[in-house]
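Q: Just dropping this structure here.
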Amino acid sequence: MGPLFAYSLVPVLSVSLLLCFTAALRGRDAAGLTLYCLATAFWSGSLLLLCVPQAAWLGERFAASGAFTAAAFFHTAQDVSRQRSPRLVVLAYVVATVVTGVGALFPDALYGPLAMRRGPLFWPTMALSVSAAGVPLVLLARSYRKETPARRPLLRSLGIVGALAYSGGLATALLLSAGYALPFGMYLVLASLLVLVHVINAHQPPSERRLLERSLVYSAMAAVLSAGFLFGVLTLMAGSGQPFLAEYRAGAFFLLALAALAFEPLRQGLQEWLGRRLLRGRATGTELVAALAEQETRADQAARLAELGQFSSAVAHEVRNPLGVLAAQLKLLEHQGADADTLAGMREQISRAGHFVDELLRYGRPRPLELRRVDVHATVALAYSTARQGLGTLAPDVSFDLEEGEPLAVEADQSQLSQVFVIVLENALLALGEVARPRLQVRLSQSDTMLQVHVEDSGPGIPPELLPRLFQPFVTGRRREGPRPGTGLGLAIARGILERHGGTVRASRSESLGGACFTLTLPLKQPAPLSAAAS
């Protein structure tokens with residue numbers, strides 16, 4: 001085994017361990033991703049042992065552990081595509097265990113010494129590997145057609161990871177078994193891991209992505225600094241006036257940096273674990289970074305809202321004055337006996353423009369929060385009544401089900417929270433206007449720190465092409481003309497109110513009723529600085 005092949009394995013081992021520890025410690029619903037990175041690290045480590053004469057015998061027996069990367073990738077594809085089949089996942093791991101076991105007990109059956117020739121079971125194993133590689137890729141391709149446009153890039157990236165990793169793994173196996181220890185296959189595997197960074201980040205909830213990005217960046221910076229410090233110490237300890245490993249100075253530093261990078265998330269996790277036990281009541285590094293990211297997000301939102309507020313005020317001023325003049329002229333025309341239908345149409349258009357200006361001001365100039373304990377059940381019930389009254393004759397007769405349960409309360413601005421519920425419920429009622437048996441239900445669920453409100457209807461649902469942009473301003477699924485035209489600001493206002501409360505809103509398809517489902521998430525208690533400022 002040449003040094004070039006060995007050097008190609010070290011980055012793969014390091015990056016796969018980095019992603020493994022990061023997914024395990026920071027990720028959510030990342031079991032498959034964690035196991036895939038761990039399997040890649042174990043396989044590349046086994047190949048690296050082939051380059052060490054004293055440990056080559058051990059590397060020979062576990063070179064077939066690459067079968068676990070195929071099983072773990074299938075597990076990952078199931079998790080990311082949300083089409084879980086536990087039995088198939090278990091079967092994939094069983095097959096991987098059998099292949100690895102055969103390689104460990106009877107290495108000559110698969111390959112010869114140092115995996116440099118092909119045994120009698122080599123080609124059947126390769127055929128099995130190619131077949132196993134195709135299963136998750138086909139699964140991702142099928143899921144891609146059914147998924148929303150917002151999730152398709154995630155599935156596409158994971159498919160690229162699989163294609164690169166499988167190509168690299170098979171190329172490495174074929175080259176080694178033919179007697180060529182060349183690094184080209186491992187370069188493809190390394191490229192797949194770099195794409196996997198995006199997959200791990202995109203697979204996390206939006207609120208966690210920034211924290212995960214910071215964790216990876218800080219790990220890389222800390223690894224380089226640690227390697228530089230250690231390399232400097234080793235240089236000074238040489239004592240001969242010559243740098244330590246002078247002929248391999250750059251290579252030694254490179255290896256030290258990769259070794260530090262691999263275990264940096266583990267070091268951070270251990271440090272936080274010790275800090276929580278030895279320094280009770282003090283925030284950990286992760287908590288401080290999370291708080292910093294949240295404060296930066298709030299500051300960015302505040303700056304954008306301030307700029308938007310100035311713009312909205314200017315627009316409202318320039319539009320309201322002409323509207324006032326038009327309304328006065330309309331009364332004059334009415335006294336002069338103008339056509340009643342024409343006047344009614346003009347009055348409707350002036351009212352619509354005035355409503356749009358009010359919505360624009362509500363979006364661009366949100367008022368400060370006035371926090372108090374709010375009974376969520378009572379607020380939802382009142383909001384439903386308000387939405388029906390606001391729609392008047394347009395409100396259909398629906399079967400409304402507000403899930404009963406223990407009284408739930410959150411710390412929030414009651415008026416603004418009620419406004420959120422009115423917006424969502426009004427949209428649901430309008431969507432049910434032409435449904436044969438309209439149904440609308442509200443479910444509440446609570447965890448230790450968060451409350452979720454699920455508003456579901458039996459309407460036609462949200463068009464898939466609209467989902468990624470649904471909460472952006474001036475995006476609406478309703479026609480601009482009609483008895484209740486949409487301004488495209490209602491859901492944007494609702495999202496802004498929830499975000500100022502530290503919450504989120506997500507739209508999807510209702511599994512139980514078949515229509516739209518809006519999931520509103522709110523913290524049960526606001527952070528202390530926000531509560532103090534509001535009071």
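Within each chain, counting starts at residue 1; across the structure tokens, chains are named A, B, ... in the order shown, with ligands numbered 1 upward in that order.
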What's around Ala132 (chain A) at 12 Å? Count only C-alpha atoms, leave out sequence neighbours fewer than 2 positions away in its own chain, and write the answer as a PyMOL selection string.

A: chain A and resi 66-75+88-89+91-93+95-96+125-130+134-139+162+166

Q: Neighbours of Pro120 (chain A) within 9 Å (only C-alpha atoms; same-chain residues fewer than 5 positions away dropped), as a PyMOL selection string?

A: chain A and resi 108-111

Q: Convert the current residue selection to file output with N, CA and C atoms, as a PDB file, in the first residue's frame.

A:
ATOM      1  N   ASP A 108     -10.072 -15.039   2.688  1.00  0.00           N
ATOM      2  CA  ASP A 108      -9.663 -15.555   1.379  1.00  0.00           C
ATOM      3  C   ASP A 108     -10.853 -15.824   0.467  1.00  0.00           C
ATOM      4  N   ALA A 109     -12.058 -15.978   1.041  1.00  0.00           N
ATOM      5  CA  ALA A 109     -13.228 -16.218   0.206  1.00  0.00           C
ATOM      6  C   ALA A 109     -13.615 -14.982  -0.593  1.00  0.00           C
ATOM      7  N   LEU A 110     -13.260 -13.796  -0.091  1.00  0.00           N
ATOM      8  CA  LEU A 110     -13.602 -12.548  -0.774  1.00  0.00           C
ATOM      9  C   LEU A 110     -12.404 -11.948  -1.490  1.00  0.00           C
ATOM     10  N   TYR A 111     -11.250 -11.976  -0.833  1.00  0.00           N
ATOM     11  CA  TYR A 111     -10.060 -11.354  -1.399  1.00  0.00           C
ATOM     12  C   TYR A 111      -8.840 -11.975  -0.733  1.00  0.00           C
TER      13      TYR A 111
END

Q: Give me, as JSON lines, the closest atom pair and its distance (Å, one decimal) for every residue of region 386-420 of chain A within a cut-off of 7 Å of region 437-450 of chain A, counting only C-alpha atoms, rows sorted by chain and rising number.

A:
{"residue": "A:Val398", "atom": "CA", "partner": "A:Pro438", "partner_atom": "CA", "distance": 5.0}
{"residue": "A:Ser399", "atom": "CA", "partner": "A:Arg439", "partner_atom": "CA", "distance": 4.7}
{"residue": "A:Phe400", "atom": "CA", "partner": "A:Leu440", "partner_atom": "CA", "distance": 4.9}
{"residue": "A:Asp401", "atom": "CA", "partner": "A:Gln441", "partner_atom": "CA", "distance": 4.5}
{"residue": "A:Leu402", "atom": "CA", "partner": "A:Val442", "partner_atom": "CA", "distance": 4.9}
{"residue": "A:Glu403", "atom": "CA", "partner": "A:Arg443", "partner_atom": "CA", "distance": 5.3}

Q: Using only C-alpha atoms, pick whichever of A:Ala133, A:Ala63, A:Arg151, A:Phe5 has the shortest atom-to-atom distance to Gly112 (chain A).

A: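 Between A:Ala133, A:Ala63, A:Arg151, A:Phe5, the residue approaching Gly112 (chain A) most closely is A:Ala63.
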
Q: Using only C-alpha atoms, which residues sit within 7 Å of Val505 (chain A) once same-chain residues fewer than 5 positions away are excluded, as an NGL selection string?

A: :A and (495 or 518-521)
